[in-house]
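Structure data follow from work_10.json (JSON, C-alpha atoms):
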[["chain", "number", "residue", "atom", "x", "y", "z"],
["A", 15, "MET", "CA", 42.91, -6.88, -11.59],
["A", 16, "GLN", "CA", 42.02, -3.67, -9.82],
["A", 17, "GLY", "CA", 40.87, -2.12, -13.14],
["A", 18, "VAL", "CA", 38.54, -5.06, -13.81],
["A", 19, "LEU", "CA", 37.07, -4.78, -10.31],
["A", 20, "LEU", "CA", 36.50, -1.04, -10.70],
["A", 21, "GLY", "CA", 34.98, -1.56, -14.15],
["A", 22, "THR", "CA", 32.61, -4.20, -12.81],
["A", 23, "LEU", "CA", 31.65, -2.01, -9.86],
["A", 24, "ALA", "CA", 30.99, 0.93, -12.21],
["A", 25, "ALA", "CA", 28.83, -1.26, -14.47],
["A", 26, "VAL", "CA", 26.79, -2.53, -11.51],
["A", 27, "LEU", "CA", 26.36, 1.00, -10.17],
["A", 28, "ALA", "CA", 25.29, 2.25, -13.61],
["A", 29, "ALA", "CA", 22.76, -0.60, -13.92],
["A", 30, "LEU", "CA", 21.32, 0.26, -10.50],
["A", 31, "VAL", "CA", 21.01, 3.94, -11.45],
["A", 32, "VAL", "CA", 19.27, 3.05, -14.72],
["A", 33, "ALA", "CA", 16.91, 0.63, -12.92],
["A", 34, "GLY", "CA", 16.13, 3.28, -10.29],
["A", 35, "LEU", "CA", 15.38, 5.89, -12.94],
["A", 36, "ALA", "CA", 13.18, 3.44, -14.85],
["A", 37, "PHE", "CA", 11.30, 2.68, -11.63],
["A", 38, "VAL", "CA", 10.71, 6.34, -10.70],
["A", 39, "LEU", "CA", 9.83, 7.43, -14.24],
["A", 40, "GLY", "CA", 7.64, 4.36, -14.76],
["A", 41, "LEU", "CA", 5.60, 5.09, -11.63],
["A", 42, "ARG", "CA", 5.44, 8.83, -12.37],
["A", 43, "HIS", "CA", 4.04, 8.15, -15.82],
["A", 44, "ARG", "CA", 1.84, 5.26, -14.66],
["A", 45, "SER", "CA", 3.53, 2.72, -16.92],
["A", 46, "ARG", "CA", 1.40, -0.40, -16.78],
["A", 47, "TYR", "CA", 4.55, -2.53, -17.20],
["A", 48, "VAL", "CA", 6.34, -0.95, -14.24],
["A", 49, "ILE", "CA", 3.22, -1.03, -12.06],
["A", 50, "ALA", "CA", 2.63, -4.70, -12.96],
["A", 51, "ALA", "CA", 6.24, -5.52, -12.06],
["A", 52, "VAL", "CA", 5.99, -3.65, -8.75],
["A", 53, "ARG", "CA", 2.74, -5.47, -7.91],
["A", 54, "ARG", "CA", 4.34, -8.86, -8.67],
["A", 55, "LEU", "CA", 7.27, -7.98, -6.42],
["A", 56, "ALA", "CA", 4.86, -6.76, -3.74],
["A", 57, "ARG", "CA", 3.22, -10.18, -3.57],
["A", 58, "VAL", "CA", 6.54, -11.50, -2.30],
["A", 59, "THR", "CA", 7.52, -8.58, -0.07],
["A", 60, "ASN", "CA", 4.05, -8.26, 1.46],
["A", 61, "ARG", "CA", 4.61, -11.50, 3.35],
["A", 62, "LEU", "CA", 7.62, -9.92, 5.04],
["A", 63, "LEU", "CA", 5.82, -6.63, 5.73],
["A", 64, "LEU", "CA", 2.86, -8.42, 7.31],
["A", 65, "ARG", "CA", 5.12, -9.71, 10.09],
["A", 66, "SER", "CA", 5.37, -6.24, 11.66],
["A", 67, "ALA", "CA", 2.59, -4.29, 9.94],
["A", 68, "GLY", "CA", 0.00, -2.83, 12.25],
["A", 69, "HIS", "CA", 2.18, -3.20, 15.34],
["A", 70, "GLY", "CA", 3.70, -0.36, 17.33],
["A", 71, "ASP", "CA", 5.14, 2.38, 15.15],
["A", 72, "ALA", "CA", 5.56, 0.15, 12.09],
["A", 73, "PHE", "CA", 5.44, 2.00, 8.78],
["A", 74, "ALA", "CA", 2.70, -0.25, 7.42],
["A", 75, "SER", "CA", -0.77, -0.98, 8.70],
["A", 76, "VAL", "CA", -2.84, -3.96, 7.56],
["A", 77, "VAL", "CA", -6.10, -3.79, 5.65],
["A", 78, "GLN", "CA", -8.16, -6.97, 5.92],
["A", 79, "HIS", "CA", -10.67, -7.08, 3.10],
["A", 80, "THR", "CA", -12.99, -9.54, 1.38],
["A", 81, "GLY", "CA", -12.50, -10.55, -2.25],
["A", 82, "ARG", "CA", -15.23, -9.35, -4.58],
["A", 83, "ALA", "CA", -15.59, -12.62, -6.47],
["A", 84, "SER", "CA", -14.00, -15.19, -4.18],
["A", 85, "GLY", "CA", -15.40, -14.01, -0.86],
["A", 86, "ARG", "CA", -12.01, -14.88, 0.68],
["A", 87, "GLN", "CA", -10.32, -12.73, 3.29],
["A", 88, "TYR", "CA", -7.07, -11.02, 2.32],
["A", 89, "ARG", "CA", -4.52, -9.01, 4.30],
["A", 90, "THR", "CA", -2.69, -6.21, 2.52],
["A", 91, "PRO", "CA", -0.01, -3.97, 4.07],
["A", 92, "VAL", "CA", -0.58, -0.27, 3.40],
["A", 93, "HIS", "CA", 0.75, 3.03, 4.72],
["A", 94, "ALA", "CA", -2.27, 4.44, 6.51],
["A", 95, "VAL", "CA", -2.39, 7.68, 8.45],
["A", 96, "ALA", "CA", -4.97, 8.56, 11.06],
["A", 97, "THR", "CA", -7.27, 11.51, 10.37],
["A", 98, "ASP", "CA", -9.79, 13.17, 12.69],
["A", 99, "ASP", "CA", -12.45, 10.54, 12.07],
["A", 100, "GLY", "CA", -10.76, 7.77, 10.13],
["A", 101, "PHE", "CA", -7.82, 6.87, 7.96],
["A", 102, "ALA", "CA", -6.27, 7.95, 4.69],
["A", 103, "VAL", "CA", -4.17, 5.73, 2.44],
["A", 104, "ALA", "CA", -2.24, 7.25, -0.45],
["A", 105, "LEU", "CA", -2.52, 5.16, -3.62],
["A", 106, "PRO", "CA", 0.85, 5.23, -5.43],
["A", 107, "TYR", "CA", -0.32, 2.61, -7.97],
["A", 108, "GLY", "CA", -3.72, 4.21, -8.49],
["A", 109, "ALA", "CA", -7.21, 3.15, -7.50],
["A", 110, "ASP", "CA", -7.40, 0.00, -9.62],
["A", 111, "GLY", "CA", -5.60, -2.28, -7.17],
["A", 112, "ASP", "CA", -7.61, -5.32, -6.12],
["A", 113, "TRP", "CA", -7.57, -4.40, -2.45],
["A", 114, "VAL", "CA", -8.92, -0.89, -3.19],
["A", 115, "ARG", "CA", -11.69, -2.26, -5.40],
["A", 116, "ASN", "CA", -12.56, -4.87, -2.75],
["A", 117, "VAL", "CA", -12.87, -2.29, 0.03],
["A", 118, "ILE", "CA", -14.98, 0.04, -2.11],
["A", 119, "ALA", "CA", -17.22, -2.79, -3.36],
["A", 120, "ARG", "CA", -17.81, -4.14, 0.15],
["A", 121, "GLY", "CA", -18.11, -0.68, 1.71],
["A", 122, "SER", "CA", -15.91, -1.64, 4.63],
["A", 123, "ALA", "CA", -12.81, -3.45, 5.81],
["A", 124, "GLU", "CA", -10.76, -3.77, 8.96],
["A", 125, "ILE", "CA", -7.51, -1.95, 9.49],
["A", 126, "THR", "CA", -4.87, -2.83, 12.06],
["A", 127, "TYR", "CA", -3.15, 0.38, 13.07],
["A", 128, "ARG", "CA", -0.72, 0.66, 16.00],
["A", 129, "ASP", "CA", -1.81, -2.58, 17.65],
["A", 130, "ARG", "CA", -5.56, -1.86, 17.41],
["A", 131, "VAL", "CA", -8.09, -3.19, 14.94],
["A", 132, "TYR", "CA", -10.60, -0.68, 13.60],
["A", 133, "ARG", "CA", -13.57, -0.97, 11.35],
["A", 134, "PHE", "CA", -12.89, 1.07, 8.21],
["A", 135, "ASP", "CA", -16.13, 2.02, 6.50],
["A", 136, "ARG", "CA", -17.61, 4.56, 4.10],
["A", 137, "PRO", "CA", -14.53, 4.26, 1.85],
["A", 138, "ARG", "CA", -14.20, 6.78, -0.94],
["A", 139, "LEU", "CA", -11.57, 7.96, -3.35],
["A", 140, "VAL", "CA", -10.39, 11.55, -3.01],
["A", 141, "ALA", "CA", -7.72, 13.71, -4.52],
["A", 142, "LEU", "CA", -4.60, 13.33, -2.39],
["A", 143, "ARG", "CA", -4.40, 17.11, -1.96],
["A", 144, "GLU", "CA", -7.58, 16.90, 0.18],
["A", 145, "VAL", "CA", -5.82, 14.79, 2.82],
["A", 146, "GLU", "CA", -2.12, 15.43, 2.28],
["A", 147, "THR", "CA", -1.77, 17.49, 5.47],
["A", 148, "TRP", "CA", -2.27, 14.28, 7.47],
["A", 149, "PHE", "CA", 0.89, 12.79, 5.94],
["A", 150, "THR", "CA", 4.40, 13.64, 7.14],
["A", 151, "ALA", "CA", 6.63, 15.99, 5.14],
["A", 152, "LYS", "CA", 8.68, 12.97, 4.03],
["A", 153, "ASP", "CA", 5.52, 11.21, 2.82],
["A", 154, "ARG", "CA", 4.47, 14.33, 0.89],
["A", 155, "ARG", "CA", 7.88, 14.52, -0.82],
["A", 156, "THR", "CA", 7.57, 10.86, -1.82],
["A", 157, "HIS", "CA", 4.04, 11.47, -3.12],
["A", 158, "ARG", "CA", 5.33, 14.34, -5.25],
["A", 159, "LEU", "CA", 8.27, 12.29, -6.54],
["A", 160, "PHE", "CA", 5.94, 9.52, -7.71],
["A", 161, "ARG", "CA", 3.08, 11.86, -8.68],
["A", 162, "VAL", "CA", 0.61, 10.18, -6.34],
["A", 163, "SER", "CA", -2.71, 11.91, -6.89],
["A", 164, "GLU", "CA", -5.33, 9.73, -5.17],
["A", 165, "ALA", "CA", -6.10, 8.48, -1.71],
["A", 166, "LEU", "CA", -8.63, 6.15, -0.17],
["A", 167, "VAL", "CA", -10.28, 7.58, 2.92],
["A", 168, "GLY", "CA", -12.76, 6.06, 5.30],
["A", 169, "ARG", "CA", -14.32, 6.41, 8.70],
["A", 170, "ARG", "CA", -12.81, 4.77, 11.76],
["A", 171, "ALA", "CA", -14.93, 2.82, 14.22],
["A", 172, "PRO", "CA", -14.06, 0.14, 16.80],
["A", 173, "ALA", "CA", -14.04, -3.31, 15.16],
["A", 174, "GLU", "CA", -16.95, -5.62, 15.76],
["A", 175, "GLU", "CA", -16.36, -8.93, 17.40],
["A", 176, "ASP", "CA", -15.07, -11.36, 14.75],
["A", 177, "PRO", "CA", -17.57, -10.52, 11.98],
["A", 178, "ASP", "CA", -16.81, -13.65, 9.92],
["A", 179, "PRO", "CA", -15.25, -16.42, 12.03],
["A", 180, "GLY", "CA", -15.27, -18.90, 9.11],
["A", 181, "ALA", "CA", -13.20, -16.70, 6.77],
["A", 182, "THR", "CA", -9.69, -17.75, 5.85],
["A", 183, "ALA", "CA", -7.08, -14.99, 5.84],
["A", 184, "THR", "CA", -4.53, -15.16, 3.06],
["A", 185, "ALA", "CA", -1.21, -13.54, 3.90],
["A", 186, "GLY", "CA", 0.54, -11.48, 1.29],
["A", 187, "GLY", "CA", -2.40, -11.33, -1.08],
["A", 188, "ASN", "CA", -3.78, -8.15, -2.39],
["A", 189, "ARG", "CA", -6.68, -9.39, -4.43]]
As structure tokens - that is how I would like this structure written.
Amino acid sequence: MQGVLLGTLAAVLAALVVAGLAFVLGLRHRSRYVIAAVRRLARVTNRLLLRSAGHGDAFASVVQHTGRASGRQYRTPVHAVATDDGFAVALPYGADGDWVRNVIARGSAEITYRDRVYRFDRPRLVALREVETWFTAKDRRTHRLFRVSEALVGRRAPAEEDPDPGATATAGGNR
């Protein structure tokens, strides 16, 4: 009985190690299959993250952006760091995420960071090395582990009063 239990435990542990390695290597090598799987999972986990994102010292901030084709409002949790004049967001999945393309196409978004809403404008893609000093040492280690090479940066300004009161926010989306 004890041998069966230990064998099962070893098999589960081995499966977790293999899955973890596949995840890390898949992201490092920008495997479209791994990135697609992570994005599908994120659609579920984003709903949970949005409960605390943008509040206090939460890890995640919230980017509220407008869909390029739909015109709908979306809320996407991101790990933003404050810079001298704005924010920087490392892009572990690359710059082709819907939320990134929406912000760049529109030229602005709103970001909720530590209980305040800011206008995020003049977005542009930069090499992560240009802004990596704004991230913590732990963040930089994670970026190296996953070979994150790009960041989205933008200027910070106080948010305008409810720019689109008729828009419908969609939680958990990142289109």
Q. Which is closest to A:Phe149 among A:Val32, A:Val26, A:Val103, A:Ile118, if we use all atoms listed in the file?
A. A:Val103
Q | 10 Å contact set for A:Val76, all atoms listed in the file, chain neighbours under 5 positions out, as a ChimeraX atom specification | A | /A:63-64,66-69,88-94,124-128,131
Those residues you just picked out, can you put them in a file as an mmCIF file, in the coordinates of the input with C-alpha atoms?
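Below is the file result18.cif, written as the result:
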data_model
loop_
_atom_site.group_PDB
_atom_site.id
_atom_site.type_symbol
_atom_site.label_atom_id
_atom_site.label_comp_id
_atom_site.auth_asym_id
_atom_site.auth_seq_id
_atom_site.Cartn_x
_atom_site.Cartn_y
_atom_site.Cartn_z
ATOM 1 C CA LEU A 63 5.820 -6.630 5.730
ATOM 2 C CA LEU A 64 2.860 -8.420 7.310
ATOM 3 C CA SER A 66 5.370 -6.240 11.660
ATOM 4 C CA ALA A 67 2.590 -4.290 9.940
ATOM 5 C CA GLY A 68 0.000 -2.830 12.250
ATOM 6 C CA HIS A 69 2.180 -3.200 15.340
ATOM 7 C CA TYR A 88 -7.070 -11.020 2.320
ATOM 8 C CA ARG A 89 -4.520 -9.010 4.300
ATOM 9 C CA THR A 90 -2.690 -6.210 2.520
ATOM 10 C CA PRO A 91 -0.010 -3.970 4.070
ATOM 11 C CA VAL A 92 -0.580 -0.270 3.400
ATOM 12 C CA HIS A 93 0.750 3.030 4.720
ATOM 13 C CA ALA A 94 -2.270 4.440 6.510
ATOM 14 C CA GLU A 124 -10.760 -3.770 8.960
ATOM 15 C CA ILE A 125 -7.510 -1.950 9.490
ATOM 16 C CA THR A 126 -4.870 -2.830 12.060
ATOM 17 C CA TYR A 127 -3.150 0.380 13.070
ATOM 18 C CA ARG A 128 -0.720 0.660 16.000
ATOM 19 C CA VAL A 131 -8.090 -3.190 14.940
#
Q: Select, from A:Val167, A:Phe160, A:Ala51, A:Val95, the residue with the minimum atom-to-atom distance to A:Leu39, counting all atoms listed in the file.
A: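 The answer is A:Phe160, which sits nearest to A:Leu39.
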Q. So which residues touch A:Ala141 within 10 Å, counting all atoms listed in the file, skipping near sequence neighbours fewer than 6 positions away, as a list of chain:residue names?
A.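 Final neighbour list, sorted by chain and number: A:Ala104, A:Val162, A:Ser163, A:Glu164, A:Ala165, A:Leu166, A:Val167.
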Q. Can you list, as a ChimeraX atom specification, every protein, DNA or RNA residue that comes within 12 Å of A:Gly168 when you count only C-alpha atoms, leaving out same-chain residues fewer than 2 positions away?
A. /A:77,94-103,114,117-118,121-125,132-140,145,165-166,170-171
Q. Separation of atom CA of A:Trp148 and atom CA of A:Ala72, in Å?
A.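 Atom-to-atom, atom CA of A:Trp148 and atom CA of A:Ala72 are spaced 16.8 Å apart.
Reported to one decimal place, the separation of atom CA of A:Val31 from atom CA of A:Ala109 is 28.5 Å.
Going from atom CA of A:Thr59 to atom CA of A:Ala74 covers 12.2 Å.
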Q: Return the single residue from A:Ala36, A:Leu159, A:Leu105, A:Leu41 that is closest to A:Leu142, with distances computed using all atoms listed in the file.
A: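 Going through A:Ala36, A:Leu159, A:Leu105, A:Leu41 one by one, the smallest distance to A:Leu142 is for A:Leu105.
Between A:Asp110 and the candidates A:Ala151, A:Asp71, A:His79, A:Arg44, the tightest atom-to-atom separation, counting all atoms listed in the file, involves A:Arg44.
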(Q) If we count all atoms listed in the file and set the cut-off at 9 Å, which residues sit around A:Phe37, ignoring sequence neighbours fewer than 5 positions away in its own chain? Please answer as JSON, numbers by chain. (A) {"A": [32, 42, 48, 49, 52]}
